[in-house]
$ cat data-v4.txt   # compact mmCIF, C-alpha atoms
# COMPACT_ATOMS: atom_id res chain seq x y z
CA MET A 23 0.00 0.00 0.00
CA GLY A 24 1.17 3.48 -0.73
CA ARG A 25 0.47 6.60 1.19
CA PRO A 26 -2.94 8.24 0.67
CA ARG A 27 -3.15 10.72 -2.17
CA PRO A 28 -4.72 14.13 -1.72
CA ALA A 29 -8.18 14.55 -3.23
CA ALA A 30 -6.87 17.31 -5.42
CA ARG A 31 -3.73 19.35 -5.89
CA LEU A 32 -3.62 22.96 -7.07
CA ALA A 33 -1.09 23.96 -9.71
CA ARG A 34 -0.67 27.58 -10.76
CA GLY A 35 1.42 29.07 -13.49
CA PRO A 36 2.05 32.32 -15.37
CA ARG A 37 0.57 31.04 -18.65
CA ARG A 38 -1.57 33.50 -20.57
CA HIS A 39 -4.78 32.33 -22.19
CA ARG A 40 -6.99 34.88 -23.93
CA GLY A 41 -6.75 37.60 -21.34
CA SER A 42 -6.21 35.52 -18.23
CA ARG A 43 -3.38 36.66 -15.99
CA ALA A 44 -2.71 33.25 -14.52
CA ALA A 45 -3.77 29.71 -15.14
CA ALA A 46 -4.84 27.46 -12.29
CA ALA A 47 -5.51 23.75 -12.51
CA VAL A 48 -6.77 21.34 -9.93
CA THR A 49 -5.35 17.91 -10.51
CA GLY A 50 -6.06 14.64 -8.83
CA ARG A 51 -8.52 11.79 -8.91
CA LEU A 52 -11.86 12.80 -10.38
CA GLU A 53 -14.07 10.72 -8.13
CA PRO A 54 -17.55 12.13 -7.43
CA GLY A 55 -16.90 12.11 -3.68
CA ARG A 56 -13.95 14.44 -4.20
CA ARG A 57 -15.64 16.93 -6.51
CA TYR A 58 -16.51 19.38 -3.75
CA ALA A 59 -12.95 19.46 -2.35
CA ALA A 60 -11.51 20.37 -5.74
CA GLY A 61 -14.11 23.12 -6.15
CA ARG A 62 -13.25 24.51 -2.70
CA GLN A 63 -9.62 24.91 -3.72
CA LEU A 64 -10.65 26.97 -6.74
CA ALA A 65 -13.24 28.96 -4.78
CA ARG A 66 -10.50 30.22 -2.44
CA LEU A 67 -8.69 31.89 -5.37
CA ALA A 68 -10.15 35.36 -5.81
CA ASP A 69 -8.57 35.81 -9.26
CA VAL A 70 -10.34 32.77 -10.74
CA THR A 71 -13.18 34.00 -12.96
CA ALA A 72 -13.87 30.84 -14.98
CA VAL A 73 -13.35 27.10 -14.73
CA PHE A 74 -13.62 24.34 -17.31
CA VAL A 75 -14.12 21.10 -15.46
CA ALA A 76 -13.28 17.58 -16.68
CA ASN A 77 -16.84 16.30 -16.24
CA ASP A 78 -20.27 17.48 -15.14
CA ASP A 79 -20.07 15.71 -11.77
CA MET A 80 -16.97 17.74 -10.90
CA ALA A 81 -18.67 20.90 -12.22
CA ILE A 82 -21.63 20.30 -9.90
CA GLY A 83 -19.19 20.09 -6.99
CA ALA A 84 -17.59 23.34 -8.15
CA LEU A 85 -21.02 25.06 -8.30
CA HIS A 86 -21.70 24.05 -4.68
CA ALA A 87 -18.22 25.07 -3.53
CA PHE A 88 -18.45 28.51 -5.15
CA ALA A 89 -21.90 29.06 -3.63
CA ASP A 90 -20.66 28.04 -0.17
CA ALA A 91 -17.73 30.46 -0.56
CA GLY A 92 -20.14 33.32 -1.34
CA ARG A 93 -19.15 33.54 -5.00
CA THR A 94 -21.95 33.80 -7.52
CA VAL A 95 -22.17 31.79 -10.74
CA PRO A 96 -22.02 33.32 -13.32
CA GLY A 97 -21.58 36.76 -11.72
CA ASP A 98 -18.19 36.13 -10.10
CA VAL A 99 -17.13 32.96 -11.87
CA SER A 100 -18.28 30.97 -14.91
CA VAL A 101 -18.41 27.17 -14.74
CA VAL A 102 -18.36 24.80 -17.74
CA GLY A 103 -18.63 21.04 -17.45
CA TYR A 104 -18.17 18.16 -19.87
CA ASP A 105 -20.55 15.29 -20.76
CA ASP A 106 -24.01 16.96 -20.59
CA ILE A 107 -25.39 14.52 -18.06
CA PRO A 108 -29.17 14.65 -17.45
CA ALA A 109 -28.66 16.51 -14.15
CA ALA A 110 -26.87 19.44 -15.90
CA ALA A 111 -29.96 21.23 -17.25
CA PRO A 112 -32.17 21.38 -14.10
CA LEU A 113 -29.37 22.69 -11.84
CA PHE A 114 -29.43 26.22 -10.47
CA PRO A 115 -27.92 27.75 -12.41
CA PRO A 116 -28.28 25.35 -15.34
CA LEU A 117 -24.80 24.10 -16.24
CA THR A 118 -23.08 25.09 -19.48
CA THR A 119 -21.44 21.92 -20.72
CA VAL A 120 -19.77 20.20 -23.64
CA ARG A 121 -21.81 17.38 -25.13
CA GLN A 122 -20.03 14.53 -26.86
CA ASN A 123 -21.61 13.24 -30.03
CA LEU A 124 -21.10 9.57 -29.24
CA THR A 125 -22.69 8.53 -32.54
CA ALA A 126 -20.10 10.52 -34.54
CA LEU A 127 -17.28 9.12 -32.41
CA ALA A 128 -18.55 5.55 -32.77
CA ASP A 129 -19.01 5.97 -36.55
CA ARG A 130 -15.41 7.19 -36.86
CA ALA A 131 -14.13 4.30 -34.73
CA VAL A 132 -15.98 1.71 -36.83
CA ASP A 133 -14.84 3.32 -40.12
CA THR A 134 -11.24 3.33 -38.84
CA LEU A 135 -11.44 -0.31 -37.76
CA ILE A 136 -12.90 -1.42 -41.10
CA ALA A 137 -10.27 0.55 -43.04
CA LEU A 138 -7.45 -1.04 -41.02
CA ILE A 139 -8.90 -4.55 -41.42
CA GLU A 140 -9.14 -3.99 -45.18
CA GLY A 141 -5.58 -2.64 -45.32
CA ARG A 142 -6.61 0.90 -46.22
CA PRO A 143 -5.37 4.03 -44.43
CA ALA A 144 -7.69 5.33 -41.76
CA ALA A 145 -9.22 8.77 -42.19
CA ALA A 146 -7.20 11.54 -40.58
CA GLY A 147 -8.55 14.37 -38.51
CA PRO A 148 -11.29 14.68 -35.94
CA ALA A 149 -14.70 13.08 -36.25
CA GLY A 150 -17.27 15.51 -37.61
CA ARG A 151 -19.19 17.37 -34.89
CA ALA A 152 -17.75 15.15 -32.16
CA VAL A 153 -18.43 17.77 -29.47
CA GLU A 154 -20.90 20.61 -29.10
CA LEU A 155 -21.03 23.42 -26.55
CA THR A 156 -24.42 23.61 -24.82
CA VAL A 157 -24.61 27.12 -23.37
CA ARG A 158 -26.77 27.51 -20.29
CA ALA A 159 -26.81 29.97 -17.38
CA SER A 160 -23.56 29.02 -15.58
CA THR A 161 -21.42 31.20 -17.86
CA GLY A 162 -21.25 34.92 -18.48
CA PRO A 163 -18.83 37.75 -19.13
CA ALA A 164 -15.85 38.00 -16.80
CA PRO A 165 -16.43 40.48 -13.97
CA ASP A 166 -14.70 43.86 -14.11
CA ARG A 167 -11.71 43.66 -11.79
CA ASP A 168 -10.19 47.02 -12.67
CA PRO A 169 -12.53 49.95 -11.88
CA ALA A 170 -10.09 52.35 -13.56
CA HIS A 171 -10.64 50.56 -16.90
CA PRO A 172 -14.27 49.40 -17.08
CA ARG A 173 -15.41 47.43 -20.06
CA PRO A 174 -17.31 49.34 -22.76
$ encode --input "data-v4.txt" --output "structure tokens"
Amino acid sequence: MGRPRPAARLARGPRRHRGSRAAAAVTGRLEPGRRYAAGRQLARLADVTAVFVANDDMAIGALHAFADAGRTVPGDVSVVGYDDIPAAAPLFPPLTTVRQNLTALADRAVDTLIALIEGRPAAAGPAGRAVELTVRASTGPAPDRDPAHPRP
């Protein structure tokens, strides 16, 4: 047996991504029981204005953690999940999420398998419309952090 692993670990760096001043990532095991702990780590960072979460279960934990920390979604922070599980739409606020087109992914996998069995090259590139962003109420514009330079 090894030593117990933390539920999540916070990594920060000076990377710039479309206007962000810093990038933060919570890493660790993505078990549903640990989703709230990971969200709490992000909720403690005042400069975090948006999170893209690995799955909708983790995003639900982040929504609860931000609410418990007194941060509003989407007023203070935007939250985006991944998978579009049935529970994503009736949440408050309804969760913006990325839906996987499993039919397109399966079609590509079968076409690739058949091509390889027949000795033909497999198609290159991503499967058509493999993912789709489903925008709901958990995302919005980033809050103004600099009162000297308000947004137009």
$ atom_distance --input "data-v4.txt" --atom1 "CA of Arg57 in chain A" --atom2 "CA of Ile82 in chain A"
7.7 Å
$ closest_residue --input "data-v4.txt" --among "A:Met80, A:Val75, A:Thr94, A:Arg158" --to "Arg56 in chain A" --atoms "all atoms listed in the file"
A:Met80
$ residues_around --input "data-v4.txt" --residues "Arg66 in chain A" --least-positions-apart "2" --cutoff "10 Å" --atoms "all atoms listed in the file" --output "ChimeraX atom specification"
/A:61-64,68-70,87-88,91,93
$ residues_around --input "data-v4.txt" --residues "range 111-116 of chain A" --least-positions-apart "4" --cutoff "8 Å" --atoms "only C-alpha atoms" --output "PyMOL selection string"
chain A and resi 95+158-160
$ write_last_selection --input "data-v4.txt" --atoms "C-alpha atoms" --output "PDB file, keeping the file's coordinate frame"
ATOM      1  CA  VAL A  95     -22.170  31.790 -10.740  1.00  0.00           C
ATOM      2  CA  ARG A 158     -26.770  27.510 -20.290  1.00  0.00           C
ATOM      3  CA  ALA A 159     -26.810  29.970 -17.380  1.00  0.00           C
ATOM      4  CA  SER A 160     -23.560  29.020 -15.580  1.00  0.00           C
TER       5      SER A 160
END
$ residues_around --input "data-v4.txt" --residues "Ala131 in chain A" --least-positions-apart "5" --cutoff "9 Å" --atoms "all atoms listed in the file" --output "PDB file with C-alpha atoms, in the frame of the given file"
ATOM      1  CA  ALA A 126     -20.100  10.520 -34.540  1.00  0.00           C
ATOM      2  CA  ILE A 136     -12.900  -1.420 -41.100  1.00  0.00           C
ATOM      3  CA  ALA A 149     -14.700  13.080 -36.250  1.00  0.00           C
TER       4      ALA A 149
END
$ atom_distance --input "data-v4.txt" --atom1 "CA of Asn77 in chain A" --atom2 "CA of Asp133 in chain A"
27.3 Å
$ residues_near_point --input "data-v4.txt" --point "(-18.7, 22.1, -13.5)" --cutoff "10 Å" --atoms "only C-alpha atoms" --output "PyMOL selection string"
chain A and resi 57+61+73-86+100-104+110+117-119+160
$ atom_distance --input "data-v4.txt" --atom1 "CA of Glu140 in chain A" --atom2 "CA of Thr125 in chain A"
22.4 Å
